[in-house]
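Asks: Let me begin by handing over the structure; questions about it come next.
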Amino acid sequence: MTVRDIAARKVPGQGAAQPVVCITAYTAPMARFMDKHVDLLLVGDSLGMVVYGLETTLGVTLDMMIAHGKAVVRGSTQACVIVDMPFGSYQASPADAFKACARVMAETGCAGVKLEGGQEMAETIAFLTSRGIPVMGHVGLTPQSVHQLGGYRARGRTNTESDAIVSDGIAVAQAGAFAMVVEGTVEPVARTLTEAVDVPTIGIGASVHCDGQIIVAEDILGLFGTFTPKFVKRYADLGAEVSDAVAAYADDVRARRFPGPEQVFGAKPKR
Ligand code: KIV
């Protein structure tokens with residue numbers, strides 16, 4: 001899948017005939033498991049929390065994103081791999097953003113980058129896309145601005161906030177983004193924005209009225225956190241399975257049942 005294939009899913013004026021299926025991936029083995037089932041793998045900066053145990057995404061660095069981006073590209077064969085730009089790597093100026101994005105594209109081999117922000121990032125998105133860097137936008141709840149937004153609450157409950165999010169999405173699309181994540185918005189905002197733009201909107205906590213969906217893999221697999229946000233559906237409880245499997249291994253080691261004869265290299269029989 002290329003960024004053009006993703007963008008082409010949405011027929012202007014008609015919406016997406018088939019929803020765009022997206023999920024996060026941070027490692028090569030997880031990318032290998034998920035690749036054939038999805039259209040797009042996002043190396044999200046949510047890896048700061050999910051993999052590194054950080055409180056927010058603000059501590060994620062360009063080097064971290066590049067290392068994980070490389071791993072996911074190695075683990076995938078068909079999905080479109082997009083790498084998130086971390087906080088501080090693209091906001092200062094379009095030229096700074098270009099340098100950081102070019103590094104990510106060249107060093108990981110990904111198909112494009114994602115960056116957060118609306119009208120204030122339009123100039124940068126236009127700068128990048130006109131210089132060969134495909135950009136996925138991200139509007140609504142933008143986690144890198146968590147302190148400014150005052151937390152992770154759903155956005156778009158007031159007219160002012162909802163108008164601003166729709167204007168943000170329109171600005172991002174007009175600047176040349178091939179798609180955009182719409183995060184944590186009330187349903188009418190997602191619906192209005194999806195109808196207003198010709199590129200696919202990819203929702204997370206933004207209702208079914210988007211052209212596609214994205215989710216953090218570890219959230220739906222039961223591998224992250226004890227709290228499940230309202231917008232997450234659990235499809236597996238792998239955390240409990242990991243715990244049970246490691247407990248069984250520990251019991252076997254303590255009881256000297258592991259390694260057993262099948263796991264031992266035999267000595268060559270003497271002639
Ligand atoms: O960082 C991330 O994983 C994301 C998705 C949740 C959209 O931005």
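Labeling convention for the structure tokens: chains A, B, ... as they appear, residues from 1 per chain, ligands from 1 in order of appearance.
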Which residues are near Asp198 of chain A? Cut-off 9 Å, only C-alpha atoms, ignore same chain within fewer than 3 positions. Put them as number ranges by chain.
Replies: A: 7, 10-13, 15, 173, 179, 194-195, 201
Asks: Write to file, as a compact mmCIF listing (two decimals), in the first residue's frame, the residues of the selection just made, with all heavy atoms.
Replies:
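And here is the file that came out, out-v7.txt:
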```txt
# COMPACT_ATOMS: atom_id res chain seq x y z
N ALA A 7 -4.90 7.50 0.02
CA ALA A 7 -5.67 8.70 -0.34
C ALA A 7 -6.80 8.36 -1.30
O ALA A 7 -7.92 8.89 -1.19
CB ALA A 7 -4.74 9.73 -0.96
N LYS A 10 -10.70 7.35 -0.69
CA LYS A 10 -11.82 8.28 -0.54
C LYS A 10 -12.16 8.87 -1.89
O LYS A 10 -11.33 9.50 -2.53
CB LYS A 10 -11.46 9.39 0.44
CG LYS A 10 -12.63 10.32 0.70
CD LYS A 10 -12.44 11.03 2.01
CE LYS A 10 -13.63 11.87 2.35
NZ LYS A 10 -13.48 12.45 3.69
N VAL A 11 -13.40 8.63 -2.29
CA VAL A 11 -13.85 9.21 -3.56
C VAL A 11 -14.50 10.55 -3.21
O VAL A 11 -15.47 10.57 -2.44
CB VAL A 11 -14.86 8.27 -4.26
CG1 VAL A 11 -15.28 8.85 -5.60
CG2 VAL A 11 -14.26 6.89 -4.41
N PRO A 12 -13.95 11.66 -3.74
CA PRO A 12 -14.51 12.97 -3.39
C PRO A 12 -16.03 13.00 -3.58
O PRO A 12 -16.54 12.54 -4.60
CB PRO A 12 -13.79 13.93 -4.34
CG PRO A 12 -12.49 13.25 -4.64
CD PRO A 12 -12.78 11.78 -4.63
N GLY A 13 -16.69 13.49 -2.54
CA GLY A 13 -18.15 13.59 -2.60
C GLY A 13 -18.88 12.31 -2.21
O GLY A 13 -20.07 12.31 -1.95
N GLY A 15 -17.10 9.63 -0.09
CA GLY A 15 -16.52 8.98 1.09
C GLY A 15 -15.72 7.75 0.68
O GLY A 15 -15.50 7.51 -0.50
N ALA A 173 -5.86 19.40 5.06
CA ALA A 173 -6.14 18.79 3.75
C ALA A 173 -5.70 19.73 2.63
O ALA A 173 -5.05 19.30 1.66
CB ALA A 173 -7.62 18.45 3.64
N ALA A 179 -3.90 12.15 4.22
CA ALA A 179 -4.93 11.63 5.13
C ALA A 179 -4.72 12.34 6.45
O ALA A 179 -3.71 13.04 6.64
CB ALA A 179 -4.77 10.12 5.32
N THR A 194 -15.27 14.90 8.14
CA THR A 194 -15.16 13.85 7.11
C THR A 194 -15.88 14.27 5.83
O THR A 194 -15.39 14.04 4.73
CB THR A 194 -15.70 12.51 7.66
OG1 THR A 194 -14.90 12.16 8.81
CG2 THR A 194 -15.63 11.39 6.64
N GLU A 195 -17.02 14.92 6.01
CA GLU A 195 -17.76 15.38 4.82
C GLU A 195 -17.08 16.58 4.15
O GLU A 195 -17.23 16.80 2.96
CB GLU A 195 -19.19 15.77 5.21
CG GLU A 195 -20.07 14.54 5.38
CD GLU A 195 -21.40 14.84 6.07
OE1 GLU A 195 -21.72 16.03 6.27
OE2 GLU A 195 -22.10 13.87 6.42
N THR A 201 -10.27 10.61 6.53
CA THR A 201 -10.13 10.91 7.95
C THR A 201 -10.02 9.56 8.66
O THR A 201 -10.79 8.64 8.37
CB THR A 201 -11.35 11.67 8.50
OG1 THR A 201 -12.54 10.91 8.21
CG2 THR A 201 -11.46 13.06 7.88
```
Asks: What does the list of residues within 7 Å of ligand 1 look like if you count only C-alpha atoms and all ligand atoms, written as a PDB file with C-alpha atoms, in the first residue's frame?
Replies:
```
ATOM      1  CA  THR A  24       0.158   1.141  15.564  1.00  0.00           C
ATOM      2  CA  LEU A  42       1.733   3.748  12.215  1.00  0.00           C
ATOM      3  CA  VAL A  43       4.914   3.910  14.253  1.00  0.00           C
ATOM      4  CA  GLY A  44       3.199   6.182  16.749  1.00  0.00           C
ATOM      5  CA  ASP A  45       4.969   8.285  19.348  1.00  0.00           C
ATOM      6  CA  SER A  46       2.564   6.560  21.764  1.00  0.00           C
ATOM      7  CA  LEU A  47       5.529   4.161  21.991  1.00  0.00           C
ATOM      8  CA  ASP A  84       5.182   9.882  13.794  1.00  0.00           C
ATOM      9  CA  VAL A 181      -5.956  11.236  12.098  1.00  0.00           C
ATOM     10  CA  GLU A 183      -8.501  11.895  17.632  1.00  0.00           C
ATOM     11  CA  ILE A 204      -9.467   7.156  17.047  1.00  0.00           C
ATOM     12  CA  ILE A 214      -6.666   3.552  13.948  1.00  0.00           C
ATOM     13  CA  ILE A 215      -5.978   2.087  17.368  1.00  0.00           C
ATOM     14  CA  VAL A 216      -2.980   1.353  19.577  1.00  0.00           C
TER      15      VAL A 216
END
```
Asks: Identify all residues of segment 6-114 of chain A in strand (DSSP E or B) (DSSP on the backbone) and supply them as a compact mmCIF listing (two decimals) with all heavy atoms, in the first residue's frame.
Replies:
```txt
# COMPACT_ATOMS: atom_id res chain seq x y z
N LYS A 10 -10.70 7.35 -0.69
CA LYS A 10 -11.82 8.28 -0.54
C LYS A 10 -12.16 8.87 -1.89
O LYS A 10 -11.33 9.50 -2.53
CB LYS A 10 -11.46 9.39 0.44
CG LYS A 10 -12.63 10.32 0.70
CD LYS A 10 -12.44 11.03 2.01
CE LYS A 10 -13.63 11.87 2.35
NZ LYS A 10 -13.48 12.45 3.69
N VAL A 11 -13.40 8.63 -2.29
CA VAL A 11 -13.85 9.21 -3.56
C VAL A 11 -14.50 10.55 -3.21
O VAL A 11 -15.47 10.57 -2.44
CB VAL A 11 -14.86 8.27 -4.26
CG1 VAL A 11 -15.28 8.85 -5.60
CG2 VAL A 11 -14.26 6.89 -4.41
N GLY A 15 -17.10 9.63 -0.09
CA GLY A 15 -16.52 8.98 1.09
C GLY A 15 -15.72 7.75 0.68
O GLY A 15 -15.50 7.51 -0.50
N ALA A 16 -15.31 6.98 1.70
CA ALA A 16 -14.47 5.80 1.44
C ALA A 16 -15.37 4.59 1.25
O ALA A 16 -16.14 4.25 2.14
CB ALA A 16 -13.51 5.57 2.58
N VAL A 20 -10.39 2.58 5.75
CA VAL A 20 -8.94 2.39 5.81
C VAL A 20 -8.61 1.81 7.19
O VAL A 20 -8.93 2.42 8.22
CB VAL A 20 -8.19 3.72 5.61
CG1 VAL A 20 -6.69 3.49 5.53
CG2 VAL A 20 -8.69 4.44 4.35
N VAL A 21 -7.97 0.64 7.21
CA VAL A 21 -7.67 -0.03 8.49
C VAL A 21 -6.23 0.28 8.89
O VAL A 21 -5.28 -0.05 8.18
CB VAL A 21 -7.84 -1.57 8.37
CG1 VAL A 21 -7.60 -2.23 9.71
CG2 VAL A 21 -9.24 -1.91 7.85
N CYS A 22 -6.08 0.92 10.04
CA CYS A 22 -4.75 1.34 10.51
C CYS A 22 -4.54 0.87 11.95
O CYS A 22 -5.50 0.78 12.72
CB CYS A 22 -4.61 2.86 10.50
SG CYS A 22 -5.20 3.67 9.01
N ILE A 23 -3.29 0.59 12.30
CA ILE A 23 -2.98 0.19 13.67
C ILE A 23 -1.54 0.60 13.96
O ILE A 23 -0.75 0.78 13.03
CB ILE A 23 -3.21 -1.34 13.85
CG1 ILE A 23 -3.30 -1.71 15.34
CG2 ILE A 23 -2.10 -2.17 13.17
CD1 ILE A 23 -4.00 -3.04 15.60
N THR A 24 -1.22 0.78 15.22
CA THR A 24 0.16 1.14 15.56
C THR A 24 1.04 -0.11 15.61
O THR A 24 0.58 -1.21 15.91
CB THR A 24 0.25 1.82 16.94
OG1 THR A 24 -0.26 0.91 17.92
CG2 THR A 24 -0.52 3.13 16.98
N LEU A 40 -2.45 0.26 6.85
CA LEU A 40 -1.41 1.20 7.28
C LEU A 40 -0.92 0.86 8.68
O LEU A 40 -1.73 0.59 9.58
CB LEU A 40 -2.00 2.62 7.25
CG LEU A 40 -1.10 3.81 7.54
CD1 LEU A 40 -1.57 5.04 6.74
CD2 LEU A 40 -1.01 4.16 9.00
N LEU A 41 0.40 0.83 8.84
CA LEU A 41 1.02 0.64 10.16
C LEU A 41 1.60 1.99 10.57
O LEU A 41 2.41 2.57 9.83
CB LEU A 41 2.13 -0.40 10.10
CG LEU A 41 1.71 -1.86 9.89
CD1 LEU A 41 2.94 -2.73 9.62
CD2 LEU A 41 0.95 -2.40 11.11
N LEU A 42 1.19 2.48 11.72
CA LEU A 42 1.73 3.75 12.22
C LEU A 42 2.72 3.48 13.34
O LEU A 42 2.37 2.84 14.34
CB LEU A 42 0.61 4.65 12.75
CG LEU A 42 1.12 5.91 13.47
CD1 LEU A 42 1.70 6.91 12.45
CD2 LEU A 42 0.01 6.58 14.28
N VAL A 43 3.95 3.96 13.16
CA VAL A 43 4.91 3.91 14.25
C VAL A 43 4.62 5.17 15.07
O VAL A 43 5.13 6.25 14.80
CB VAL A 43 6.36 3.90 13.71
CG1 VAL A 43 7.35 3.66 14.85
CG2 VAL A 43 6.51 2.85 12.63
N CYS A 80 1.29 0.24 4.33
CA CYS A 80 1.94 1.55 4.21
C CYS A 80 2.46 1.92 5.60
O CYS A 80 1.68 1.98 6.56
CB CYS A 80 0.87 2.54 3.74
SG CYS A 80 1.44 4.21 3.53
N VAL A 81 3.77 2.12 5.72
CA VAL A 81 4.33 2.43 7.06
C VAL A 81 4.56 3.94 7.18
O VAL A 81 5.27 4.55 6.38
CB VAL A 81 5.65 1.67 7.32
CG1 VAL A 81 6.23 2.05 8.68
CG2 VAL A 81 5.43 0.16 7.23
N ILE A 82 3.94 4.51 8.21
CA ILE A 82 4.06 5.95 8.48
C ILE A 82 4.70 6.12 9.86
O ILE A 82 4.36 5.41 10.80
CB ILE A 82 2.65 6.60 8.47
CG1 ILE A 82 1.98 6.42 7.10
CG2 ILE A 82 2.72 8.08 8.85
CD1 ILE A 82 2.69 7.05 5.92
N VAL A 83 5.62 7.07 9.95
CA VAL A 83 6.32 7.30 11.24
C VAL A 83 5.90 8.66 11.81
O VAL A 83 5.90 9.67 11.09
CB VAL A 83 7.85 7.23 11.05
CG1 VAL A 83 8.58 7.56 12.34
CG2 VAL A 83 8.27 5.84 10.56
N ASP A 84 5.56 8.65 13.09
CA ASP A 84 5.18 9.88 13.79
C ASP A 84 6.40 10.78 14.02
O ASP A 84 7.47 10.27 14.39
CB ASP A 84 4.66 9.50 15.19
CG ASP A 84 3.24 9.96 15.43
OD1 ASP A 84 2.72 10.76 14.64
OD2 ASP A 84 2.67 9.50 16.44
N GLY A 112 5.95 7.74 4.67
CA GLY A 112 5.56 9.11 4.98
C GLY A 112 5.63 9.36 6.48
O GLY A 112 5.97 8.45 7.25
N VAL A 113 5.29 10.58 6.87
CA VAL A 113 5.36 10.95 8.29
C VAL A 113 4.00 11.47 8.75
O VAL A 113 3.17 11.84 7.93
CB VAL A 113 6.43 12.04 8.54
CG1 VAL A 113 7.82 11.55 8.16
CG2 VAL A 113 6.08 13.33 7.78
N LYS A 114 3.81 11.45 10.06
CA LYS A 114 2.59 12.06 10.62
C LYS A 114 3.02 13.17 11.57
O LYS A 114 3.99 13.01 12.30
CB LYS A 114 1.77 11.02 11.38
CG LYS A 114 0.56 11.65 12.10
CD LYS A 114 -0.43 10.62 12.59
CE LYS A 114 -0.11 10.05 13.95
NZ LYS A 114 -0.02 11.05 15.04
```
Asks: Nearest to Phe127 of chain A among A:Asp244, A:Asp96, A:Glu55, A:Asp219, with distances taken over only C-alpha atoms: which residue is it?
Replies: A:Asp96
Asks: List the neighbours of Ile133 of chain A out to 10 Å using only C-alpha atoms; skip same-chain residues closer than 5 positions along the sequence, and give me the result as number ranges by chain.
Replies: A: 98, 101-102, 105, 111-113, 125-128, 177
Asks: Could you save the residues just selected, with all heavy atoms, as a PDB file, in the first residue's frame?
Replies:
```pdb
ATOM      1  N   PHE A  98      11.558  19.956   7.696  1.00  0.00           N
ATOM      2  CA  PHE A  98      12.031  19.222   6.519  1.00  0.00           C
ATOM      3  C   PHE A  98      13.257  18.377   6.873  1.00  0.00           C
ATOM      4  O   PHE A  98      13.347  17.204   6.498  1.00  0.00           O
ATOM      5  CB  PHE A  98      12.348  20.162   5.348  1.00  0.00           C
ATOM      6  CG  PHE A  98      12.781  19.394   4.137  1.00  0.00           C
ATOM      7  CD1 PHE A  98      11.841  18.830   3.286  1.00  0.00           C
ATOM      8  CD2 PHE A  98      14.123  19.162   3.880  1.00  0.00           C
ATOM      9  CE1 PHE A  98      12.231  18.060   2.194  1.00  0.00           C
ATOM     10  CE2 PHE A  98      14.524  18.399   2.789  1.00  0.00           C
ATOM     11  CZ  PHE A  98      13.573  17.848   1.948  1.00  0.00           C
ATOM     12  N   CYS A 101      12.159  15.393   9.027  1.00  0.00           N
ATOM     13  CA  CYS A 101      11.352  14.425   8.259  1.00  0.00           C
ATOM     14  C   CYS A 101      12.217  13.707   7.216  1.00  0.00           C
ATOM     15  O   CYS A 101      12.053  12.502   6.986  1.00  0.00           O
ATOM     16  CB  CYS A 101      10.192  15.116   7.541  1.00  0.00           C
ATOM     17  SG  CYS A 101       8.967  15.791   8.658  1.00  0.00           S
ATOM     18  N   ALA A 102      13.136  14.439   6.592  1.00  0.00           N
ATOM     19  CA  ALA A 102      13.997  13.829   5.578  1.00  0.00           C
ATOM     20  C   ALA A 102      14.848  12.739   6.225  1.00  0.00           C
ATOM     21  O   ALA A 102      15.075  11.670   5.654  1.00  0.00           O
ATOM     22  CB  ALA A 102      14.873  14.884   4.920  1.00  0.00           C
ATOM     23  N   MET A 105      12.579   9.718   6.789  1.00  0.00           N
ATOM     24  CA  MET A 105      12.284   9.017   5.523  1.00  0.00           C
ATOM     25  C   MET A 105      13.518   8.244   5.037  1.00  0.00           C
ATOM     26  O   MET A 105      13.423   7.084   4.645  1.00  0.00           O
ATOM     27  CB  MET A 105      11.882  10.020   4.426  1.00  0.00           C
ATOM     28  CG  MET A 105      10.660  10.850   4.709  1.00  0.00           C
ATOM     29  SD  MET A 105       9.100  10.019   4.421  1.00  0.00           S
ATOM     30  CE  MET A 105       9.147   9.655   2.694  1.00  0.00           C
ATOM     31  N   ALA A 111       7.001   5.258   4.315  1.00  0.00           N
ATOM     32  CA  ALA A 111       6.326   5.874   3.162  1.00  0.00           C
ATOM     33  C   ALA A 111       5.934   7.324   3.419  1.00  0.00           C
ATOM     34  O   ALA A 111       5.582   8.048   2.476  1.00  0.00           O
ATOM     35  CB  ALA A 111       5.082   5.066   2.826  1.00  0.00           C
ATOM     36  N   GLY A 112       5.952   7.745   4.672  1.00  0.00           N
ATOM     37  CA  GLY A 112       5.559   9.111   4.985  1.00  0.00           C
ATOM     38  C   GLY A 112       5.627   9.356   6.475  1.00  0.00           C
ATOM     39  O   GLY A 112       5.972   8.448   7.246  1.00  0.00           O
ATOM     40  N   VAL A 113       5.293  10.579   6.874  1.00  0.00           N
ATOM     41  CA  VAL A 113       5.360  10.945   8.294  1.00  0.00           C
ATOM     42  C   VAL A 113       3.999  11.466   8.746  1.00  0.00           C
ATOM     43  O   VAL A 113       3.173  11.841   7.932  1.00  0.00           O
ATOM     44  CB  VAL A 113       6.430  12.041   8.537  1.00  0.00           C
ATOM     45  CG1 VAL A 113       7.815  11.550   8.161  1.00  0.00           C
ATOM     46  CG2 VAL A 113       6.077  13.329   7.785  1.00  0.00           C
ATOM     47  N   ILE A 125       3.147  21.778   6.487  1.00  0.00           N
ATOM     48  CA  ILE A 125       2.675  20.623   5.702  1.00  0.00           C
ATOM     49  C   ILE A 125       2.826  20.921   4.211  1.00  0.00           C
ATOM     50  O   ILE A 125       3.301  20.073   3.441  1.00  0.00           O
ATOM     51  CB  ILE A 125       1.208  20.265   6.072  1.00  0.00           C
ATOM     52  CG1 ILE A 125       1.145  19.790   7.537  1.00  0.00           C
ATOM     53  CG2 ILE A 125       0.652  19.186   5.135  1.00  0.00           C
ATOM     54  CD1 ILE A 125      -0.257  19.579   8.085  1.00  0.00           C
ATOM     55  N   ALA A 126       2.482  22.148   3.790  1.00  0.00           N
ATOM     56  CA  ALA A 126       2.624  22.519   2.372  1.00  0.00           C
ATOM     57  C   ALA A 126       4.102  22.492   1.966  1.00  0.00           C
ATOM     58  O   ALA A 126       4.462  22.025   0.879  1.00  0.00           O
ATOM     59  CB  ALA A 126       2.021  23.898   2.132  1.00  0.00           C
ATOM     60  N   PHE A 127       4.974  22.970   2.852  1.00  0.00           N
ATOM     61  CA  PHE A 127       6.422  22.992   2.587  1.00  0.00           C
ATOM     62  C   PHE A 127       6.934  21.560   2.379  1.00  0.00           C
ATOM     63  O   PHE A 127       7.677  21.267   1.446  1.00  0.00           O
ATOM     64  CB  PHE A 127       7.124  23.649   3.784  1.00  0.00           C
ATOM     65  CG  PHE A 127       8.575  23.949   3.594  1.00  0.00           C
ATOM     66  CD1 PHE A 127       8.985  25.176   3.075  1.00  0.00           C
ATOM     67  CD2 PHE A 127       9.557  23.029   3.951  1.00  0.00           C
ATOM     68  CE1 PHE A 127      10.342  25.472   2.909  1.00  0.00           C
ATOM     69  CE2 PHE A 127      10.908  23.311   3.787  1.00  0.00           C
ATOM     70  CZ  PHE A 127      11.298  24.541   3.268  1.00  0.00           C
ATOM     71  N   LEU A 128       6.511  20.658   3.256  1.00  0.00           N
ATOM     72  CA  LEU A 128       6.991  19.266   3.194  1.00  0.00           C
ATOM     73  C   LEU A 128       6.430  18.536   1.978  1.00  0.00           C
ATOM     74  O   LEU A 128       7.170  17.870   1.240  1.00  0.00           O
ATOM     75  CB  LEU A 128       6.575  18.513   4.465  1.00  0.00           C
ATOM     76  CG  LEU A 128       7.184  19.011   5.780  1.00  0.00           C
ATOM     77  CD1 LEU A 128       6.535  18.300   6.965  1.00  0.00           C
ATOM     78  CD2 LEU A 128       8.689  18.794   5.785  1.00  0.00           C
ATOM     79  N   ALA A 177      -1.938  17.235   2.897  1.00  0.00           N
ATOM     80  CA  ALA A 177      -1.846  15.951   3.621  1.00  0.00           C
ATOM     81  C   ALA A 177      -2.615  14.887   2.842  1.00  0.00           C
ATOM     82  O   ALA A 177      -3.653  15.177   2.248  1.00  0.00           O
ATOM     83  CB  ALA A 177      -2.433  16.100   5.021  1.00  0.00           C
TER      84      ALA A 177
END
```
Asks: From the set A:Arg257, A:Gln14, A:Gly203, A:Arg4, which residue has the shortest atom-to-atom contact distance to Val135 of chain A, counting only C-alpha atoms?
Replies: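 Of all the options, A:Arg4 lies closest to Val135 of chain A.
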Asks: Which one of A:Ala28, A:Glu262, A:Gly53, A:Ala190 sits closest to Val166 of chain A if you count only C-alpha atoms?
Replies: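 Among the listed residues, A:Ala190 lies closest to Val166 of chain A.
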Asks: Using DSSP on the backbone, list every residue of segment 31-176 of chain A that comes out as helix (DSSP H, G or I), and give them as a compact mmCIF listing (two decimals) with C-alpha atoms, in the first residue's frame.
Replies:
```txt
# COMPACT_ATOMS: atom_id res chain seq x y z
CA ALA A 31 4.66 -5.58 12.33
CA ARG A 32 5.05 -9.11 10.89
CA PHE A 33 1.95 -10.36 12.75
CA MET A 34 -0.23 -7.43 11.71
CA ASP A 35 1.05 -6.41 8.27
CA LYS A 36 -1.19 -8.54 6.06
CA HIS A 37 -4.38 -7.56 7.89
CA LEU A 47 5.53 4.16 21.99
CA GLY A 48 6.83 6.58 24.63
CA MET A 49 4.14 5.37 27.00
CA VAL A 50 3.54 1.84 25.68
CA LEU A 62 13.80 11.53 16.84
CA ASP A 63 16.36 8.76 17.41
CA MET A 64 13.74 6.62 19.17
CA MET A 65 11.28 7.10 16.29
CA ILE A 66 13.96 6.26 13.72
CA ALA A 67 15.03 3.07 15.54
CA HIS A 68 11.42 1.82 15.81
CA GLY A 69 10.56 3.04 12.30
CA LYS A 70 13.41 0.93 10.86
CA ALA A 71 12.23 -2.13 12.78
CA VAL A 72 8.63 -1.81 11.57
CA VAL A 73 9.68 -1.26 7.95
CA ARG A 74 11.81 -4.43 8.20
CA GLY A 75 8.84 -6.37 9.60
CA PRO A 94 9.23 24.41 7.98
CA ALA A 95 12.97 24.13 7.27
CA ASP A 96 13.64 22.37 10.61
CA ALA A 97 10.67 20.10 9.96
CA PHE A 98 12.03 19.22 6.52
CA LYS A 99 15.44 18.24 7.95
CA ALA A 100 13.89 16.02 10.62
CA CYS A 101 11.35 14.43 8.26
CA ALA A 102 14.00 13.83 5.58
CA ARG A 103 16.10 11.98 8.18
CA VAL A 104 13.14 9.82 9.15
CA MET A 105 12.28 9.02 5.52
CA ALA A 106 15.90 8.29 4.50
CA GLU A 107 16.91 6.28 7.58
CA THR A 108 13.74 4.20 8.07
CA GLN A 119 -4.09 25.64 10.87
CA GLU A 120 -0.80 26.55 12.58
CA MET A 121 0.95 23.61 10.84
CA ALA A 122 -0.53 24.18 7.36
CA GLU A 123 2.48 26.14 6.10
CA THR A 124 4.82 23.36 7.24
CA ILE A 125 2.67 20.62 5.70
CA ALA A 126 2.62 22.52 2.37
CA PHE A 127 6.42 22.99 2.59
CA LEU A 128 6.99 19.27 3.19
CA THR A 129 4.50 17.89 0.67
CA PRO A 143 -1.41 14.42 22.69
CA GLN A 144 1.80 16.45 22.21
CA SER A 145 -0.24 19.51 23.34
CA VAL A 146 -1.69 17.73 26.37
CA HIS A 147 -0.56 20.46 28.80
CA GLN A 148 -1.99 23.25 26.68
CA LEU A 149 -5.25 21.33 26.16
CA ASN A 159 -19.29 25.32 19.01
CA THR A 160 -16.03 27.26 19.18
CA GLU A 161 -13.99 24.11 19.72
CA SER A 162 -15.84 22.11 17.09
CA ASP A 163 -15.54 24.89 14.46
CA ALA A 164 -11.80 25.16 15.21
CA ILE A 165 -11.25 21.40 14.72
CA VAL A 166 -13.14 21.36 11.42
CA SER A 167 -11.13 24.42 10.22
CA ASP A 168 -7.94 22.64 11.33
CA GLY A 169 -8.80 19.55 9.29
CA ILE A 170 -9.69 21.60 6.22
CA ALA A 171 -6.39 23.54 6.49
CA VAL A 172 -4.41 20.28 6.81
CA ALA A 173 -6.14 18.79 3.75
CA GLN A 174 -5.67 21.96 1.70
```
Asks: Just how far from atom CA of Gly137 of chain A is atom CA of Gly109 of chain A, in Å to one decimal?
Replies: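 Distance between the two atoms: 19.3 Å.
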